[in-house]
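Working notes for the structure below.
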Amino acid sequence: MKKVAILVANLFDEKELIYPYYRLLEAGFKVDLVGAEAHVTYKSKVGLPMKSDKAAKDVDAKDYDALVIPGGFSPDYMRRDAETVSFARSMDKQNKPIAAICHGPWLMISSCDLKGKTLTGFPSVQVDIENAGATYIDEALVKDGNLITSRTPNDLPVFVKAIIDALS
């Protein structure tokens, strides 16, 4: 059974975490919520609680087939945690699918070599993506190598389908 890590931190966008979580479970994948700490309850932008299964310091990229980075403000907290950055960097070095939506590319900027890549994300992260050496395009779904990006919750259907396709 293939395994997917979905990162969780405070102020995550509830749609961008919960929709992929349940769709990936429904598609038959094992899904772990990975936070800076294990068994901690993190709250979404509207206060919805989600508890992490594992801590970033306790997971290894070799044990996962893909990584999902939900948006909201949570990617800013994720990129402040050295172990979370290291885990995402290891996933990228192993060329495993990394899917980020909304502000998720903030973590990609801190953990992946984006020079020459093409990404999308929430419009306000365009300048950050470009400063990281990537090209930003305003499309519902952008795939470049192992990187999968989308802009907003409205893009979730094509975003999650692309993740499932990358794992199939």
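Scheme for the structure tokens: letters A, B, ... for chains in order shown; per-chain residue numbers from 1; ligand numbers from 1 in order shown.
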Legend entry - Non-local contacts of range 139-155 of chain A (7 Å; only C-alpha atoms; under 3 positions in same chain excluded) as a PyMOL selection string: chain A and resi 15-16+95-102+117-122+158-159
Which residues of range 79-136 of chain A have any atom within 9 Å of an atom in range 46-65 of chain A when counting only C-alpha atoms, and what is the closest pair of atoms for each, with the distance in Å to one decimal? Order the rows by chain and rising number and write it as JSON lines.
```
{"residue": "A:Asp81", "atom": "CA", "partner": "A:Ala56", "partner_atom": "CA", "distance": 8.7}
{"residue": "A:Ala82", "atom": "CA", "partner": "A:Lys57", "partner_atom": "CA", "distance": 8.8}
{"residue": "A:Glu83", "atom": "CA", "partner": "A:Lys57", "partner_atom": "CA", "distance": 5.2}
{"residue": "A:Thr84", "atom": "CA", "partner": "A:Ala56", "partner_atom": "CA", "distance": 5.2}
{"residue": "A:Val85", "atom": "CA", "partner": "A:Ala56", "partner_atom": "CA", "distance": 8.7}
{"residue": "A:Ser86", "atom": "CA", "partner": "A:Ala56", "partner_atom": "CA", "distance": 8.4}
{"residue": "A:Phe87", "atom": "CA", "partner": "A:Ala61", "partner_atom": "CA", "distance": 6.2}
{"residue": "A:Ala88", "atom": "CA", "partner": "A:Ala61", "partner_atom": "CA", "distance": 7.8}
{"residue": "A:Arg89", "atom": "CA", "partner": "A:Ala61", "partner_atom": "CA", "distance": 8.9}
{"residue": "A:Ser90", "atom": "CA", "partner": "A:Ala61", "partner_atom": "CA", "distance": 5.8}
{"residue": "A:Met91", "atom": "CA", "partner": "A:Ala61", "partner_atom": "CA", "distance": 5.3}
{"residue": "A:Asp92", "atom": "CA", "partner": "A:Ala61", "partner_atom": "CA", "distance": 9.0}
{"residue": "A:Gln94", "atom": "CA", "partner": "A:Ala61", "partner_atom": "CA", "distance": 7.8}
{"residue": "A:Lys96", "atom": "CA", "partner": "A:Asp65", "partner_atom": "CA", "distance": 6.2}
{"residue": "A:Pro97", "atom": "CA", "partner": "A:Asp65", "partner_atom": "CA", "distance": 7.2}
```
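The strand (DSSP E) portion of range 76-160 of chain A consists of Ile98, Ala99, Ala100, Ile101, Thr118, Leu119, Thr135, Tyr136, Val142, Lys143, Asp144, Leu147, Ile148, Thr149 and Ser150 of chain A, with states taken from DSSP on the backbone.
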Just-selected residues, N, CA and C atoms written as a PDB file, in the first residue's frame:
```
ATOM      1  N   ILE A  98       5.578  15.916  -4.867  1.00  0.00           N
ATOM      2  CA  ILE A  98       5.287  16.903  -3.832  1.00  0.00           C
ATOM      3  C   ILE A  98       4.195  17.796  -4.392  1.00  0.00           C
ATOM      4  N   ALA A  99       3.045  17.803  -3.725  1.00  0.00           N
ATOM      5  CA  ALA A  99       1.890  18.557  -4.187  1.00  0.00           C
ATOM      6  C   ALA A  99       1.591  19.669  -3.195  1.00  0.00           C
ATOM      7  N   ALA A 100       1.569  20.912  -3.697  1.00  0.00           N
ATOM      8  CA  ALA A 100       1.307  22.069  -2.840  1.00  0.00           C
ATOM      9  C   ALA A 100       0.207  22.912  -3.452  1.00  0.00           C
ATOM     10  N   ILE A 101      -0.681  23.387  -2.587  1.00  0.00           N
ATOM     11  CA  ILE A 101      -1.791  24.218  -3.040  1.00  0.00           C
ATOM     12  C   ILE A 101      -1.797  25.519  -2.244  1.00  0.00           C
ATOM     13  N   THR A 118       8.367  25.485 -13.171  1.00  0.00           N
ATOM     14  CA  THR A 118       7.145  26.250 -13.359  1.00  0.00           C
ATOM     15  C   THR A 118       6.140  25.798 -12.307  1.00  0.00           C
ATOM     16  N   LEU A 119       5.553  26.768 -11.601  1.00  0.00           N
ATOM     17  CA  LEU A 119       4.617  26.486 -10.521  1.00  0.00           C
ATOM     18  C   LEU A 119       3.443  27.444 -10.583  1.00  0.00           C
ATOM     19  N   THR A 135       9.164  29.984 -12.568  1.00  0.00           N
ATOM     20  CA  THR A 135       8.183  30.745 -13.335  1.00  0.00           C
ATOM     21  C   THR A 135       6.817  30.485 -12.723  1.00  0.00           C
ATOM     22  N   TYR A 136       6.041  31.554 -12.535  1.00  0.00           N
ATOM     23  CA  TYR A 136       4.679  31.443 -12.009  1.00  0.00           C
ATOM     24  C   TYR A 136       3.707  31.548 -13.169  1.00  0.00           C
ATOM     25  N   VAL A 142      -0.545  22.936 -12.263  1.00  0.00           N
ATOM     26  CA  VAL A 142       0.746  22.989 -12.949  1.00  0.00           C
ATOM     27  C   VAL A 142       1.576  21.812 -12.441  1.00  0.00           C
ATOM     28  N   LYS A 143       2.047  20.994 -13.381  1.00  0.00           N
ATOM     29  CA  LYS A 143       2.927  19.875 -13.044  1.00  0.00           C
ATOM     30  C   LYS A 143       4.274  20.132 -13.709  1.00  0.00           C
ATOM     31  N   ASP A 144       5.341  20.030 -12.936  1.00  0.00           N
ATOM     32  CA  ASP A 144       6.687  20.180 -13.471  1.00  0.00           C
ATOM     33  C   ASP A 144       7.573  19.159 -12.754  1.00  0.00           C
ATOM     34  N   LEU A 147       6.850  17.992  -9.095  1.00  0.00           N
ATOM     35  CA  LEU A 147       6.099  19.032  -8.390  1.00  0.00           C
ATOM     36  C   LEU A 147       4.716  19.238  -9.002  1.00  0.00           C
ATOM     37  N   ILE A 148       3.704  19.267  -8.138  1.00  0.00           N
ATOM     38  CA  ILE A 148       2.308  19.464  -8.520  1.00  0.00           C
ATOM     39  C   ILE A 148       1.806  20.655  -7.722  1.00  0.00           C
ATOM     40  N   THR A 149       1.289  21.689  -8.409  1.00  0.00           N
ATOM     41  CA  THR A 149       0.804  22.867  -7.686  1.00  0.00           C
ATOM     42  C   THR A 149      -0.551  23.316  -8.210  1.00  0.00           C
ATOM     43  N   SER A 150      -1.335  23.893  -7.296  1.00  0.00           N
ATOM     44  CA  SER A 150      -2.632  24.491  -7.622  1.00  0.00           C
ATOM     45  C   SER A 150      -2.798  25.762  -6.802  1.00  0.00           C
TER      46      SER A 150
END
```
Inset, instruction - Enumerate, as a count of residues only, the complete set of residues in range 38-122 of chain A that a backbone-based DSSP assignment places in alpha helix (DSSP H). - result: 24
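Summary of the local environment: counting only C-alpha atoms, residues at most 8 Å from Val31 in chain A, other than itself and those fewer than 3 positions away along its chain, are Lys3, Val4, Ala5, Ile6, Tyr21, Leu24 and Leu25 of chain A.
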Legend entry - One-decimal distance in Å that lies between CA of Ala36 in chain A and CA of Gln126 in chain A: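 Pair CA of Gln126 in chain A / CA of Ala36 in chain A returns 26.1 Å.
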Legend entry - Which residue of A:Leu17, A:Val8, A:Ala134, A:Met78 approaches Ser111 in chain A most closely, using only C-alpha atoms: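 Looking only at the distances to Ser111 in chain A, the closest residue turns out to be A:Met78.
Take the candidates A:Leu107, A:Val125, A:Val40, A:Met1 and check each one against Ala27 in chain A using only C-alpha atoms; the shortest distance goes to A:Met1.
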Legend entry - Non-local contacts of Ser124 in chain A (10 Å; only C-alpha atoms; under 4 positions in same chain excluded) as a VMD selection string: chain A and resid 102 to 103 128 to 129
Inset, instruction - Can you work out the spacing between CA of Asp138 in chain A and CA of Pro123 in chain A in Å, to one decimal? - result: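 Interatomic distance, CA of Asp138 in chain A to CA of Pro123 in chain A: 7.6 Å.
Between Ala66 in chain A and the residues A:Lys93, A:Lys115, A:Lys2, A:His39, the shortest atom-to-atom distance, using only C-alpha atoms, involves A:Lys2.
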